[in-house]
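*Asks:* Here's a structure for you.
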Amino acid sequence: MASALPPNPVGVRVRVPAKINLALRVGAPRADGFHPLATVYQAVSLYDEVHAEWAEPDEFEVAVSGEGADLVPTDERNLAIRAARLLARRHGPYDSLGVSLSIKKAIPVAGGLAGGSSNGAAALLACAVLWDIDIDHDGLRTLAAELGSDVPFALLGGTALGSGRGEQVVPVLARGNYHWVLAFGHHGLSTPAVYRRFDERSSRVPPPEVPPTLMNALRSGDPAAVGAALINDLQPAALELQPRLRQVLDAGLELGALGALVSGSGPTCAFLTSSETAAVDLSVALSAEGLCRSIRRATGPVSGARVIG
C-alpha cells in the first residue's frame, strides 16, 4: 500500500497552559452522573507543549516526556490521542489521516491543573493545523466539550466563567495580572475519588453559584480582594484524602499569601501573592518548609492553546 504521507511532512507545535479554579462551586450529581459546576477559571503560565507530525493513515501514537511522563498513558486512554481521532472522524477524511504526537510536560499529572485536558486541547489545535482542516475556534470548542469538562477552557484561556459540568465557558472581565505560587504534592489525587468523597460528605447540595465577591474583585483588579474570595467546594474532600495539604495551605498563608486554595481536585496548592517579589519570597520560604515536592511560580491570566511553530 502506497504511503499517504505528504512529500514534505511538516510538524506543528502547540503550547497550552495550566488552569487554576479561582472558584469551584459543585452541585449534587445529575442524572448522567456529572456534577453541575459554577467555576471561574484562570489560565496561568505553566505550559505543556504538544508536537504533531504526519503519520501513516489510521496511525495515532503519542510519546510523553517531562514532568510525570511515566504516569501518562500512551494508549487510547490518552486524551490527546482521543482528541486527534475525534477530529479525524468528524472532519476527515479519516482513512487518510494519522498523527504522531509528542507531549513535553511541565504541568503535573493528577495535580488539579488540567494537564490532561490541556493536552487534549493542544492536540485538537495541532492536528487541525497539521491536517489543514477547515474548522474555526467555535468548532474546536464544540469537539473539546465532548472530550472533557476542562478542555474547552484550555483552548480559550484568559479568565472565564464555566458552567454545565465546566465545559460551557465564556470570558469574564478581569483587570490586572496575578502572581501565583504553585506547590506540587508528593502524590497525585484521582478526580473521581475526590468527587466520591465530596458526595459522601454532602447530604444536600444547593445549585452552584460563583460568589459575586470574586467577580467584583476580578473587575476591580485588586489581588487582596481576589485572594480573600477564593473558594473550592472540593477542598474539604481533598484535605481528607491528603491531610498534609492542610499544612501546606496554612504555611503559605502564614508566610504572607493573600489567599490560598487547593486547585481543582488537587493536590496542587495555589497561593496568590501581591507582586512578583512577594511570589519569589513565598517560593523560597515554602521550599524551606519542605512540605511539598516542588514549587513553581506562574502568572495569569495568559492565552489558551497557541501554535508556536
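So you can find residues: chains in the C-alpha cells are A, B, ... in the order shown, residues in each start at 1, and ligands are numbered from 1 in order.
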Could you give me, as a list in words, the residues within 12 Å of A:His35, counting only C-alpha atoms and dropping anything in the same chain fewer than 3 positions from it?
*Replies:*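 Close residues of A:His35: Leu24, Arg25, Val26, Gly27, Ala28, Pro29, Arg30, Ala31, Asp32, Ala38, Thr39, Ser149, Ser163, Gly164, Arg165, Gly166, Glu167, Pro192, Tyr195, Arg196, Phe198, Asp199, Val205, Pro206, Pro207, Pro208, Asp233 and Leu234 of chain A.
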*Asks:* Next, write the just-selected residues to a file, as a compact mmCIF listing (two decimals), in the first residue's frame, keeping N, CA and C atoms as the atom set.
*Replies:*
# COMPACT_ATOMS: atom_id res chain seq x y z
N LEU A 24 -14.63 27.21 42.65
CA LEU A 24 -15.18 25.96 42.15
C LEU A 24 -16.34 25.56 43.06
N ARG A 25 -17.55 25.85 42.60
CA ARG A 25 -18.76 25.51 43.34
C ARG A 25 -19.39 24.28 42.67
N VAL A 26 -19.75 23.31 43.47
CA VAL A 26 -20.16 22.00 42.96
C VAL A 26 -21.55 21.66 43.48
N GLY A 27 -22.42 21.25 42.56
CA GLY A 27 -23.77 20.84 42.93
C GLY A 27 -23.87 19.33 43.08
N ALA A 28 -25.07 18.85 43.39
CA ALA A 28 -25.32 17.42 43.53
C ALA A 28 -25.26 16.76 42.16
N PRO A 29 -24.90 15.48 42.11
CA PRO A 29 -24.78 14.78 40.82
C PRO A 29 -26.07 14.84 40.01
N ARG A 30 -25.90 15.02 38.69
CA ARG A 30 -27.04 15.00 37.78
C ARG A 30 -27.40 13.55 37.45
N ALA A 31 -28.45 13.37 36.67
CA ALA A 31 -28.88 12.04 36.27
C ALA A 31 -27.79 11.31 35.47
N ASP A 32 -26.97 12.07 34.72
CA ASP A 32 -25.92 11.45 33.92
C ASP A 32 -24.65 11.18 34.72
N ALA A 38 -20.22 25.63 38.89
CA ALA A 38 -20.08 27.06 38.61
C ALA A 38 -18.65 27.39 39.00
N THR A 39 -17.84 27.76 38.02
CA THR A 39 -16.42 27.91 38.30
C THR A 39 -15.87 29.14 37.58
N SER A 149 -14.46 18.16 30.66
CA SER A 149 -15.01 19.41 31.20
C SER A 149 -14.06 20.59 31.05
N SER A 163 -19.68 26.79 33.31
CA SER A 163 -20.94 26.26 33.82
C SER A 163 -21.20 24.91 33.19
N GLY A 164 -22.42 24.35 33.41
CA GLY A 164 -22.67 22.98 32.99
C GLY A 164 -21.84 22.07 33.87
N ARG A 165 -21.04 21.20 33.25
CA ARG A 165 -20.05 20.44 34.02
C ARG A 165 -18.67 21.07 33.89
N GLY A 166 -18.67 22.37 33.49
CA GLY A 166 -17.44 23.12 33.32
C GLY A 166 -17.08 23.37 31.87
N GLU A 167 -17.79 22.69 30.95
CA GLU A 167 -17.43 22.76 29.53
C GLU A 167 -18.00 24.00 28.83
N PRO A 192 -12.03 11.40 40.21
CA PRO A 192 -13.22 10.65 40.62
C PRO A 192 -13.24 10.35 42.12
N TYR A 195 -14.35 13.49 43.99
CA TYR A 195 -15.79 13.70 43.85
C TYR A 195 -16.59 12.68 44.68
N ARG A 196 -16.12 11.43 44.74
CA ARG A 196 -16.81 10.45 45.58
C ARG A 196 -16.80 10.87 47.04
N PHE A 198 -16.50 13.93 48.13
CA PHE A 198 -17.39 15.10 48.20
C PHE A 198 -18.84 14.66 48.37
N ASP A 199 -19.26 13.67 47.58
CA ASP A 199 -20.64 13.18 47.66
C ASP A 199 -20.91 12.53 49.01
N VAL A 205 -26.93 19.47 48.60
CA VAL A 205 -26.04 20.44 47.96
C VAL A 205 -26.89 21.41 47.14
N PRO A 206 -26.83 22.71 47.42
CA PRO A 206 -27.62 23.68 46.66
C PRO A 206 -27.03 23.86 45.25
N PRO A 207 -27.82 24.42 44.32
CA PRO A 207 -27.28 24.71 42.99
C PRO A 207 -26.03 25.60 43.10
N PRO A 208 -25.00 25.30 42.33
CA PRO A 208 -23.75 26.06 42.46
C PRO A 208 -23.86 27.46 41.88
N ASP A 233 -15.21 24.07 46.60
CA ASP A 233 -16.06 23.13 47.33
C ASP A 233 -15.44 21.74 47.44
N LEU A 234 -14.51 21.41 46.56
CA LEU A 234 -13.85 20.11 46.62
C LEU A 234 -12.70 20.07 47.63
*Asks:* Mind checking which residues fall within 12 Å of A:Gly264, counting only C-alpha atoms, ignoring those fewer than 3 positions away in the same chain, and posting them as a PyMOL selection string?
*Replies:* chain A and resi 18-26+37+39-42+110-115+149-150+166+189-192+194-195+230-238+261+267-270
*Asks:* Keeping only C-alpha atoms, write those residues as a CSV table (one decimal), in the first residue's frame.
*Replies:*
chain,number,residue,atom,x,y,z
A,18,ALA,CA,-2.4,25.0,33.1
A,19,LYS,CA,-5.5,26.3,34.8
A,20,ILE,CA,-6.4,27.3,38.4
A,21,ASN,CA,-10.0,27.4,39.6
A,22,LEU,CA,-10.4,30.7,41.5
A,23,ALA,CA,-13.8,29.5,42.5
A,24,LEU,CA,-15.2,26.0,42.1
A,25,ARG,CA,-18.8,25.5,43.3
A,26,VAL,CA,-20.2,22.0,43.0
A,37,LEU,CA,-20.4,23.3,38.3
A,39,THR,CA,-16.4,27.9,38.3
A,40,VAL,CA,-14.0,30.7,37.4
A,41,TYR,CA,-11.0,29.5,35.5
A,42,GLN,CA,-7.7,31.3,35.1
A,110,ALA,CA,-3.3,14.4,38.5
A,111,GLY,CA,-2.4,17.8,40.0
A,112,GLY,CA,-5.7,19.6,39.7
A,113,LEU,CA,-4.3,21.9,37.0
A,114,ALA,CA,-6.0,20.2,33.9
A,115,GLY,CA,-2.8,18.8,32.5
A,149,SER,CA,-15.0,19.4,31.2
A,150,ASP,CA,-11.8,21.5,31.2
A,166,GLY,CA,-17.4,23.1,33.3
A,189,LEU,CA,-5.2,12.8,43.6
A,190,SER,CA,-7.8,11.0,41.5
A,191,THR,CA,-10.5,13.4,40.4
A,192,PRO,CA,-13.2,10.7,40.6
A,194,VAL,CA,-12.3,13.4,45.3
A,195,TYR,CA,-15.8,13.7,43.8
A,230,LEU,CA,-11.0,32.2,46.6
A,231,ILE,CA,-13.2,29.1,47.2
A,232,ASN,CA,-13.2,25.5,46.3
A,233,ASP,CA,-16.1,23.1,47.3
A,234,LEU,CA,-13.8,20.1,46.6
A,235,GLN,CA,-11.1,21.3,49.0
A,236,PRO,CA,-12.5,19.6,52.2
A,237,ALA,CA,-12.7,16.3,50.3
A,238,ALA,CA,-9.2,16.7,49.0
A,261,LEU,CA,-6.7,27.0,47.9
A,267,PRO,CA,-3.4,18.1,45.2
A,268,THR,CA,-1.7,21.3,43.9
A,269,CYS,CA,-2.0,24.2,46.3
A,270,ALA,CA,-2.2,27.6,44.7
*Asks:* Counting only C-alpha atoms, figure out which residue out of A:Ala193, A:Ala126, A:Leu182, A:Ile103 gets nearest to A:Leu241.
*Replies:*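 Ranking A:Ala193, A:Ala126, A:Leu182, A:Ile103 by distance to A:Leu241, first place goes to A:Ala193.
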*Asks:* Pick from A:Glu146, A:Glu276, A:Glu209, A:Asp132: nearest to A:Trp180, with only C-alpha atoms counted?
*Replies:* A:Glu276
*Asks:* Quick one: everything within 8 Å of A:Leu125, counting only C-alpha atoms, minus sequence neighbours fewer than 6 positions away in the same chain. Send it as JSON, numbers by chain.
*Replies:* {"A": [14, 140, 305, 306, 307]}
*Asks:* Please, what distance in Å, to one decimal, runs between atom CA of A:Gly148 and atom CA of A:Ser45?
*Replies:*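 Atom CA of A:Gly148 sits 21.3 Å away from atom CA of A:Ser45.
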*Asks:* To one decimal place, how far is atom CA of A:Asn78 from atom CA of A:Ser65 in Å?
*Replies:* 13.8 Å
*Asks:* Within stretch 16-239 of chain A, find each residue whose DSSP state, derived from the backbone, is helix (DSSP H, G or I), and express the selection as a ChimeraX atom specification.
*Replies:* /A:69-71,79-91,94-96,115-130,137-147,151-156,191-201,212-220,223-229,235-239
*Asks:* How about saving the chosen residues, C-alpha atoms kept, as a short mmCIF file (atom, residue, chain, number, x, y, z; two decimals), in the first residue's frame?
*Replies:*
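File selection27.cif, as written:
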data_model
loop_
_atom_site.label_atom_id
_atom_site.label_comp_id
_atom_site.auth_asym_id
_atom_site.auth_seq_id
_atom_site.Cartn_x
_atom_site.Cartn_y
_atom_site.Cartn_z
CA ALA A 69 5.74 11.27 32.00
CA ASP A 70 5.76 7.74 33.42
CA LEU A 71 2.24 8.31 34.82
CA LEU A 79 -6.78 12.43 25.86
CA ALA A 80 -4.51 13.77 23.10
CA ILE A 81 -4.95 10.55 21.11
CA ARG A 82 -8.70 10.66 21.67
CA ALA A 83 -8.76 14.30 20.53
CA ALA A 84 -6.88 13.52 17.32
CA ARG A 85 -9.16 10.59 16.50
CA LEU A 86 -12.29 12.63 17.21
CA LEU A 87 -11.14 15.44 14.91
CA ALA A 88 -10.25 12.97 12.16
CA ARG A 89 -13.63 11.19 12.40
CA ARG A 90 -15.69 14.37 12.36
CA HIS A 91 -13.71 16.40 9.84
CA TYR A 94 -10.47 9.69 8.46
CA ASP A 95 -8.91 6.88 6.42
CA SER A 96 -6.14 9.14 5.09
CA GLY A 115 -2.78 18.79 32.49
CA GLY A 116 -4.58 16.01 30.61
CA SER A 117 -7.28 18.36 29.40
CA SER A 118 -4.70 20.84 28.17
CA ASN A 119 -3.02 18.09 26.16
CA GLY A 120 -6.35 17.20 24.55
CA ALA A 121 -6.94 20.83 23.61
CA ALA A 122 -3.42 21.20 22.22
CA ALA A 123 -3.81 18.03 20.14
CA LEU A 124 -7.07 19.31 18.64
CA LEU A 125 -5.45 22.57 17.56
CA ALA A 126 -2.18 20.99 16.40
CA CYS A 127 -3.93 18.35 14.28
CA ALA A 128 -6.36 20.87 12.77
CA VAL A 129 -3.40 22.94 11.57
CA LEU A 130 -1.29 19.94 10.54
CA HIS A 137 -12.37 28.06 17.21
CA ASP A 138 -16.06 27.53 17.96
CA GLY A 139 -15.93 24.24 16.13
CA LEU A 140 -12.86 23.18 18.06
CA ARG A 141 -14.51 24.11 21.36
CA THR A 142 -17.55 22.01 20.44
CA LEU A 143 -15.30 18.98 19.96
CA ALA A 144 -13.39 19.89 23.11
CA ALA A 145 -16.59 19.76 25.17
CA GLU A 146 -17.07 16.12 24.12
CA LEU A 147 -13.60 15.24 25.40
CA VAL A 151 -10.79 21.01 27.54
CA PRO A 152 -12.77 23.96 26.09
CA PHE A 153 -11.20 26.36 28.59
CA ALA A 154 -7.70 25.16 27.67
CA LEU A 155 -8.43 26.38 24.14
CA LEU A 156 -9.88 29.69 25.33
CA THR A 191 -10.52 13.37 40.41
CA PRO A 192 -13.22 10.65 40.62
CA ALA A 193 -12.01 9.76 44.14
CA VAL A 194 -12.28 13.39 45.26
CA TYR A 195 -15.79 13.70 43.85
CA ARG A 196 -16.81 10.45 45.58
CA ARG A 197 -15.59 11.82 48.90
CA PHE A 198 -17.39 15.10 48.20
CA ASP A 199 -20.64 13.18 47.66
CA GLU A 200 -20.11 11.14 50.84
CA ARG A 201 -19.73 14.24 52.98
CA PRO A 212 -20.34 37.85 43.50
CA THR A 213 -17.47 38.99 45.73
CA LEU A 214 -14.99 37.19 43.47
CA MET A 215 -16.47 38.63 40.28
CA ASN A 216 -16.35 42.13 41.76
CA ALA A 217 -12.76 41.59 42.89
CA LEU A 218 -11.72 40.49 39.40
CA ARG A 219 -13.39 43.51 37.84
CA SER A 220 -11.53 45.80 40.23
CA PRO A 223 -5.31 40.95 44.30
CA ALA A 224 -6.11 41.19 48.01
CA ALA A 225 -9.85 41.08 47.31
CA VAL A 226 -9.40 38.19 44.88
CA GLY A 227 -7.33 36.31 47.44
CA ALA A 228 -10.00 36.73 50.09
CA ALA A 229 -12.71 35.42 47.72
CA GLN A 235 -11.13 21.28 49.01
CA PRO A 236 -12.52 19.60 52.18
CA ALA A 237 -12.70 16.27 50.33
CA ALA A 238 -9.16 16.68 49.00
CA LEU A 239 -7.89 17.53 52.50
#
*Asks:* Go through A:Leu245, A:Ile295, A:Ala63, A:Val181 one by one, measure the shortest atom-to-atom distance of each to A:Ser265 using only C-alpha atoms, and give the residue with the smallest value.
*Replies:*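 Of A:Leu245, A:Ile295, A:Ala63, A:Val181, the one nearest A:Ser265 is A:Leu245, counting only C-alpha atoms.
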*Asks:* Between atom CA of A:Asp136 and atom CA of A:Asp75, what is the distance in Å, rounded to a tenth?
*Replies:*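 Atom-to-atom, atom CA of A:Asp136 and atom CA of A:Asp75 are spaced 27.9 Å apart.
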